[in-house]
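Here is final23.pdb, consisting of PDB, C-alpha atoms:
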```pdb
ATOM      1  CA  MET Q   1      41.245  84.394  42.863  1.00  0.00           C
ATOM      2  CA  THR Q   2      40.096  87.548  41.145  1.00  0.00           C
ATOM      3  CA  LYS Q   3      38.001  90.049  42.971  1.00  0.00           C
ATOM      4  CA  PRO Q   4      34.667  90.821  41.263  1.00  0.00           C
ATOM      5  CA  LYS Q   5      34.618  94.265  39.720  1.00  0.00           C
ATOM      6  CA  PRO Q   6      32.427  96.802  41.505  1.00  0.00           C
ATOM      7  CA  LEU Q   7      29.149  97.870  39.968  1.00  0.00           C
ATOM      8  CA  THR Q   8      29.105 100.942  37.785  1.00  0.00           C
ATOM      9  CA  ARG Q   9      27.018 103.996  38.628  1.00  0.00           C
ATOM     10  CA  GLN Q  10      24.764 103.078  35.718  1.00  0.00           C
ATOM     11  CA  GLN Q  11      24.188  99.575  37.094  1.00  0.00           C
ATOM     12  CA  LEU Q  12      23.437 100.921  40.573  1.00  0.00           C
ATOM     13  CA  ALA Q  13      21.053 103.539  39.156  1.00  0.00           C
ATOM     14  CA  VAL Q  14      19.214 100.923  37.073  1.00  0.00           C
ATOM     15  CA  LEU Q  15      18.868  98.643  40.117  1.00  0.00           C
ATOM     16  CA  ASP Q  16      17.537 101.490  42.258  1.00  0.00           C
ATOM     17  CA  GLU Q  17      15.008 102.439  39.565  1.00  0.00           C
ATOM     18  CA  LEU Q  18      13.916  98.835  39.073  1.00  0.00           C
ATOM     19  CA  PHE Q  19      12.844  98.762  42.723  1.00  0.00           C
ATOM     20  CA  ALA Q  20      11.278 102.219  42.750  1.00  0.00           C
ATOM     21  CA  ASP Q  21       7.596 102.787  42.084  1.00  0.00           C
ATOM     22  CA  GLU Q  22       7.732 102.533  38.289  1.00  0.00           C
ATOM     23  CA  PRO Q  23       7.088  98.911  37.251  1.00  0.00           C
ATOM     24  CA  ASP Q  24       8.093  99.288  33.575  1.00  0.00           C
ATOM     25  CA  ASP Q  25      11.502  97.607  33.240  1.00  0.00           C
ATOM     26  CA  LYS Q  26      11.768  98.343  29.526  1.00  0.00           C
ATOM     27  CA  ALA Q  27      11.264 102.082  30.054  1.00  0.00           C
ATOM     28  CA  ILE Q  28      13.904 102.120  32.788  1.00  0.00           C
ATOM     29  CA  LEU Q  29      16.423 100.340  30.577  1.00  0.00           C
ATOM     30  CA  GLU Q  30      15.681 102.729  27.696  1.00  0.00           C
ATOM     31  CA  ARG Q  31      16.073 105.752  29.995  1.00  0.00           C
ATOM     32  CA  TYR Q  32      19.591 104.576  30.914  1.00  0.00           C
ATOM     33  CA  ARG Q  33      20.339 103.417  27.347  1.00  0.00           C
ATOM     34  CA  VAL Q  34      20.856  99.825  28.388  1.00  0.00           C
ATOM     35  CA  SER Q  35      20.181  97.291  25.660  1.00  0.00           C
ATOM     36  CA  PRO Q  36      18.466  93.998  26.515  1.00  0.00           C
ATOM     37  CA  LYS Q  37      21.702  92.233  25.526  1.00  0.00           C
ATOM     38  CA  LEU Q  38      23.759  94.310  27.999  1.00  0.00           C
ATOM     39  CA  TYR Q  39      21.138  93.846  30.730  1.00  0.00           C
ATOM     40  CA  ASN Q  40      21.225  90.061  30.206  1.00  0.00           C
ATOM     41  CA  LYS Q  41      25.020  90.220  30.478  1.00  0.00           C
ATOM     42  CA  TRP Q  42      24.681  92.098  33.782  1.00  0.00           C
ATOM     43  CA  LEU Q  43      22.411  89.303  35.027  1.00  0.00           C
ATOM     44  CA  THR Q  44      25.315  86.874  34.656  1.00  0.00           C
ATOM     45  CA  GLU Q  45      27.737  89.012  36.679  1.00  0.00           C
ATOM     46  CA  PRO Q  46      27.993  87.856  40.319  1.00  0.00           C
ATOM     47  CA  ALA Q  47      28.305  91.385  41.751  1.00  0.00           C
ATOM     48  CA  PHE Q  48      25.181  92.562  39.905  1.00  0.00           C
ATOM     49  CA  VAL Q  49      23.189  89.451  40.875  1.00  0.00           C
ATOM     50  CA  GLU Q  50      24.265  89.860  44.513  1.00  0.00           C
ATOM     51  CA  GLN Q  51      23.087  93.485  44.567  1.00  0.00           C
ATOM     52  CA  LEU Q  52      19.855  92.477  42.800  1.00  0.00           C
ATOM     53  CA  ASP Q  53      19.265  89.799  45.456  1.00  0.00           C
ATOM     54  CA  LYS Q  54      19.800  92.398  48.200  1.00  0.00           C
ATOM     55  CA  HIS Q  55      17.217  94.680  46.585  1.00  0.00           C
ATOM     56  CA  MET Q  56      14.782  91.768  46.282  1.00  0.00           C
ATOM     57  CA  ALA Q  57      15.260  90.756  49.923  1.00  0.00           C
ATOM     58  CA  ALA Q  58      14.618  94.336  51.017  1.00  0.00           C
ATOM     59  CA  ALA Q  59      11.459  94.478  48.864  1.00  0.00           C
ATOM     60  CA  HIS Q  60      10.207  91.229  50.430  1.00  0.00           C
ATOM     61  CA  ARG Q  61      10.833  92.594  53.923  1.00  0.00           C
ATOM     62  CA  ARG Q  62       8.905  95.778  53.071  1.00  0.00           C
ATOM     63  CA  SER Q  63       6.042  93.653  51.703  1.00  0.00           C
ATOM     64  CA  ALA Q  64       5.996  91.465  54.820  1.00  0.00           C
ATOM     65  CA  LEU Q  65       5.936  94.571  57.014  1.00  0.00           C
ATOM     66  CA  HIS Q  66       3.035  96.014  55.020  1.00  0.00           C
ATOM     67  CA  LEU Q  67       1.111  92.734  55.319  1.00  0.00           C
ATOM     68  CA  ALA Q  68       1.815  92.533  59.039  1.00  0.00           C
ATOM     69  CA  ARG Q  69       0.487  96.060  59.554  1.00  0.00           C
ATOM     70  CA  SER Q  70      -2.631  95.187  57.548  1.00  0.00           C
ATOM     71  CA  ALA Q  71      -3.299  91.863  59.299  1.00  0.00           C
ATOM     72  CA  PRO Q  72      -5.554  93.204  62.103  1.00  0.00           C
ATOM     73  CA  ASN Q  73      -7.782  94.987  59.577  1.00  0.00           C
ATOM     74  CA  ALA Q  74      -7.901  91.889  57.362  1.00  0.00           C
ATOM     75  CA  ALA Q  75      -8.829  89.708  60.343  1.00  0.00           C
ATOM     76  CA  SER Q  76     -11.646  92.082  61.307  1.00  0.00           C
ATOM     77  CA  ARG Q  77     -12.986  92.048  57.764  1.00  0.00           C
ATOM     78  CA  LEU Q  78     -12.863  88.237  57.645  1.00  0.00           C
ATOM     79  CA  VAL Q  79     -14.853  88.030  60.877  1.00  0.00           C
ATOM     80  CA  ALA Q  80     -17.405  90.501  59.479  1.00  0.00           C
ATOM     81  CA  LEU Q  81     -17.673  88.443  56.280  1.00  0.00           C
ATOM     82  CA  SER Q  82     -18.183  85.263  58.294  1.00  0.00           C
ATOM     83  CA  GLU Q  83     -21.234  86.849  59.928  1.00  0.00           C
ATOM     84  CA  GLN Q  84     -22.934  87.734  56.637  1.00  0.00           C
ATOM     85  CA  ASP Q  85     -26.113  86.064  55.452  1.00  0.00           C
ATOM     86  CA  LYS Q  86     -24.449  85.086  52.182  1.00  0.00           C
ATOM     87  CA  GLY Q  87     -23.632  81.425  52.802  1.00  0.00           C
ATOM     88  CA  GLU Q  88     -20.724  80.909  50.418  1.00  0.00           C
ATOM     89  CA  THR Q  89     -19.005  84.158  51.409  1.00  0.00           C
ATOM     90  CA  ALA Q  90     -19.376  83.319  55.098  1.00  0.00           C
ATOM     91  CA  ARG Q  91     -18.127  79.770  54.526  1.00  0.00           C
ATOM     92  CA  LYS Q  92     -14.993  80.953  52.702  1.00  0.00           C
ATOM     93  CA  ALA Q  93     -14.308  83.575  55.366  1.00  0.00           C
ATOM     94  CA  CYS Q  94     -14.612  80.900  58.056  1.00  0.00           C
ATOM     95  CA  LEU Q  95     -12.145  78.698  56.202  1.00  0.00           C
ATOM     96  CA  ASP Q  96      -9.671  81.589  55.964  1.00  0.00           C
ATOM     97  CA  ILE Q  97     -10.111  82.275  59.672  1.00  0.00           C
ATOM     98  CA  ILE Q  98      -9.380  78.706  60.748  1.00  0.00           C
ATOM     99  CA  SER Q  99      -6.691  78.080  58.141  1.00  0.00           C
ATOM    100  CA  PRO Q 100      -5.285  81.406  56.894  1.00  0.00           C
ATOM    101  CA  PRO Q 101      -3.624  81.164  53.479  1.00  0.00           C
ATOM    102  CA  TRP Q 102      -0.787  83.452  54.562  1.00  0.00           C
ATOM    103  CA  LEU Q 103       0.320  80.885  57.141  1.00  0.00           C
ATOM    104  CA  ALA Q 104       0.557  78.120  54.536  1.00  0.00           C
ATOM    105  CA  ASP Q 105       3.829  79.451  53.115  1.00  0.00           C
ATOM    106  CA  ARG Q 106       5.718  81.817  55.359  1.00  0.00           C
ATOM    107  CA  SER Q 107       8.870  81.869  53.286  1.00  0.00           C
ATOM    108  CA  GLY Q 108       9.362  84.335  50.474  1.00  0.00           C
ATOM    109  CA  PRO Q 109      11.795  83.670  47.652  1.00  0.00           C
ATOM    110  CA  THR Q 110      14.729  85.059  49.621  1.00  0.00           C
ATOM    111  CA  GLN Q 111      13.549  84.394  53.160  1.00  0.00           C
ATOM    112  CA  LYS Q 112      14.110  81.402  55.369  1.00  0.00           C
ATOM    113  CA  ALA Q 113      11.034  79.470  56.418  1.00  0.00           C
ATOM    114  CA  ALA Q 114       9.736  80.440  59.838  1.00  0.00           C
ATOM    115  CA  PRO Q 115      10.725  77.923  62.502  1.00  0.00           C
ATOM    116  CA  ASP Q 116       8.008  75.640  63.765  1.00  0.00           C
ATOM    117  CA  ASN Q 117       7.124  77.057  67.138  1.00  0.00           C
ATOM    118  CA  PRO Q 118       3.870  75.700  68.561  1.00  0.00           C
ATOM    119  CA  ALA Q 119       3.714  78.553  71.052  1.00  0.00           C
ATOM    120  CA  ASP Q 120       3.401  81.077  68.214  1.00  0.00           C
ATOM    121  CA  ASP Q 121       0.909  79.409  65.882  1.00  0.00           C
ATOM    122  CA  PRO Q 122      -0.448  76.096  67.079  1.00  0.00           C
ATOM    123  CA  PRO Q 123      -1.963  74.140  64.198  1.00  0.00           C
ATOM    124  CA  LEU Q 124      -5.678  73.452  64.364  1.00  0.00           C
ATOM    125  CA  SER Q 125      -6.670  69.827  64.551  1.00  0.00           C
ATOM    126  CA  GLN Q 126      -9.510  68.578  62.371  1.00  0.00           C
ATOM    127  CA  GLU Q 127     -11.672  68.283  65.472  1.00  0.00           C
ATOM    128  CA  THR Q 128     -10.971  71.866  66.555  1.00  0.00           C
ATOM    129  CA  ALA Q 129     -11.583  73.150  63.040  1.00  0.00           C
ATOM    130  CA  SER Q 130     -14.864  71.234  62.872  1.00  0.00           C
ATOM    131  CA  ARG Q 131     -15.967  72.610  66.235  1.00  0.00           C
ATOM    132  CA  LEU Q 132     -15.080  76.141  65.162  1.00  0.00           C
ATOM    133  CA  LEU Q 133     -17.033  75.792  61.918  1.00  0.00           C
ATOM    134  CA  ALA Q 134     -19.998  74.331  63.829  1.00  0.00           C
ATOM    135  CA  ALA Q 135     -19.896  77.214  66.307  1.00  0.00           C
ATOM    136  CA  LEU Q 136     -19.764  79.744  63.473  1.00  0.00           C
ATOM    137  CA  ALA Q 137     -22.658  77.978  61.710  1.00  0.00           C
ATOM    138  CA  GLU Q 138     -24.664  78.023  64.956  1.00  0.00           C
ATOM    139  CA  ALA Q 139     -23.953  81.726  65.457  1.00  0.00           C
ATOM    140  CA  THR Q 140     -25.015  82.428  61.884  1.00  0.00           C
ATOM    141  CA  ARG Q 141     -28.188  80.366  62.313  1.00  0.00           C
ATOM    142  CA  ASN Q 142     -29.017  82.209  65.561  1.00  0.00           C
ATOM    143  CA  LYS Q 143     -28.466  85.544  63.827  1.00  0.00           C
ATOM    144  CA  GLN Q 144     -30.753  84.501  60.966  1.00  0.00           C
ATOM    145  CA  CYS Q 145     -33.383  83.432  63.489  1.00  0.00           C
ATOM    146  CA  ALA Q 146     -33.167  86.737  65.300  1.00  0.00           C
ATOM    147  CA  VAL Q 147     -33.675  88.597  62.024  1.00  0.00           C
ATOM    148  CA  LYS Q 148     -36.711  86.438  61.149  1.00  0.00           C
ATOM    149  CA  GLY Q 149     -38.081  86.460  64.689  1.00  0.00           C
ATOM    150  CA  GLU Q 150     -37.860  82.670  65.007  1.00  0.00           C
ATOM    151  CA  THR Q 151     -36.293  80.428  67.598  1.00  0.00           C
ATOM    152  CA  PRO Q 152     -33.158  78.523  66.516  1.00  0.00           C
ATOM    153  CA  ASP Q 153     -34.875  75.129  66.607  1.00  0.00           C
ATOM    154  CA  VAL Q 154     -37.471  76.233  64.024  1.00  0.00           C
ATOM    155  CA  ILE Q 155     -35.033  76.430  61.108  1.00  0.00           C
ATOM    156  CA  PRO Q 156     -33.807  72.796  61.353  1.00  0.00           C
ATOM    157  CA  ALA Q 157     -37.423  71.659  61.676  1.00  0.00           C
ATOM    158  CA  LYS Q 158     -38.360  73.617  58.551  1.00  0.00           C
ATOM    159  CA  ALA Q 159     -35.373  72.173  56.714  1.00  0.00           C
ATOM    160  CA  GLY Q 160     -36.462  68.639  57.664  1.00  0.00           C
ATOM    161  CA  ILE Q 161     -39.980  69.279  56.387  1.00  0.00           C
ATOM    162  CA  GLN Q 162     -38.648  70.619  53.107  1.00  0.00           C
ATOM    163  CA  GLU Q 163     -36.378  67.613  52.689  1.00  0.00           C
ATOM    164  CA  ARG Q 164     -39.236  65.170  53.348  1.00  0.00           C
ATOM    165  CA  GLU Q 165     -41.474  66.975  50.877  1.00  0.00           C
ATOM    166  CA  ALA Q 166     -38.780  66.692  48.229  1.00  0.00           C
ATOM    167  CA  GLU Q 167     -38.374  62.909  48.662  1.00  0.00           C
ATOM    168  CA  PRO Q 168     -39.982  60.800  45.914  1.00  0.00           C
ATOM    169  CA  ILE Q 169     -42.937  58.637  46.911  1.00  0.00           C
ATOM    170  CA  PRO Q 170     -42.174  54.902  46.614  1.00  0.00           C
ATOM    171  CA  GLN Q 171     -44.135  53.163  43.841  1.00  0.00           C
ATOM    172  CA  GLU Q 172     -45.502  50.405  46.113  1.00  0.00           C
ATOM    173  CA  SER Q 173     -47.326  52.952  48.306  1.00  0.00           C
ATOM    174  CA  LEU Q 174     -49.305  54.317  45.343  1.00  0.00           C
ATOM    175  CA  PRO Q 175     -52.816  52.766  44.755  1.00  0.00           C
TER     176      PRO Q 175
END
```
Is it possible to express this structure as structure tokens?
Amino acid sequence: MTKPKPLTRQQLAVLDELFADEPDDKAILERYRVSPKLYNKWLTEPAFVEQLDKHMAAAHRRSALHLARSAPNAASRLVALSEQDKGETARKACLDIISPPWLADRSGPTQKAAPDNPADDPPLSQETASRLLAALAEATRNKQCAVKGETPDVIPAKAGIQEREAEPIPQESLP
């Protein structure tokens, strides 16, 4: 069994640059005078692919760390959005609060999926999610009432009146 040849300094430098701040792969390859054909050949070499995978795993870990540090701020902003008077914005924020998109897929391309541990993140049942949405809707309605100087039971009554006014009159009741 032959031992894979070690990476050259040029290959290591290109890999380091590819994961630095500059996102332009073509410019990096031109800077190191690496043709697309040579780069594609490198991508078939096990040692190069292994080092590339290590760089990618490290980049995913840095991204996950950045997201984890930003999570409290994001949660606060979602709660603030859920309290807005804009119905669709508040509704979407509520949905993200009860079922955050970042929990849907916890595995990155090079990470293992997080183990199912109910103690960490218990899933919300439909009933719990419905109750949470109802509570958020009630809080929003109460806030709207406070702004308008009305009591909470006035808004549903007004809505019922508007719905009845919008109903068509049956033909048999007309003279």
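The space between CA of Phe19 (chain Q) and CA of Lys54 (chain Q) spans 10.9 Å.
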So that all listed atoms of region 130-140 of chain Q fit with 3 Å spare on each side, what axis-aligned box centre and edge lengths in Å, to one decimal, would you give as AutoDock Vina command-line options?
```
--center_x -19.9 --center_y 76.8 --center_z 64.0 --size_x 16.2 --size_y 17.2 --size_z 10.6
```
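Picked by the PyMOL selection byres ((chain Q and resi 97) around 12) from the coordinates shown: Ala71, Ala74, Ala75, Ser76, Arg77, Leu78, Val79, Ala80, Leu81, Ser82, Ala90, Arg91, Lys92, Ala93, Cys94, Leu95, Asp96, Ile98, Ser99, Pro100, Pro101, Trp102, Leu103, Leu124, Ala129, Leu132, Leu133 and Leu136 of chain Q.
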My list of candidates is Q:Leu52, Q:Ser35, Q:Ala139, Q:Leu43. Which is closest to Ala13 (chain Q) when distances are computed with only C-alpha atoms?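 The answer is Q:Leu52, which sits nearest to Ala13 (chain Q).
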Quick one: pull the distance between CA of Asn40 (chain Q) and CA of Gln10 (chain Q), Å, one decimal.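 CA of Gln10 (chain Q) lies 14.6 Å from CA of Asn40 (chain Q).
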Once the PyMOL selection byres ((chain Q and resi 14) around 10) has been applied to the shown file, what residues remain in the selection, as a PyMOL selection string? chain Q and resi 8-13+15-20+25+28-29+31-32+34+39
Considering all atoms listed in the file, state which residue in the set Q:Asn73, Q:Asp21, Q:Glu138, Q:Glu83 is at the smallest distance from Ala59 (chain Q).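 Ranking Q:Asn73, Q:Asp21, Q:Glu138, Q:Glu83 by distance to Ala59 (chain Q), first place goes to Q:Asp21.
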Residue among Q:Lys26, Q:Arg141, Q:His55, Q:Lys5 lying closest to Gln84 (chain Q), counting all atoms listed in the file: Q:Arg141
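Here CA of Thr89 (chain Q) is placed at a distance of 26.3 Å from CA of Ala64 (chain Q).
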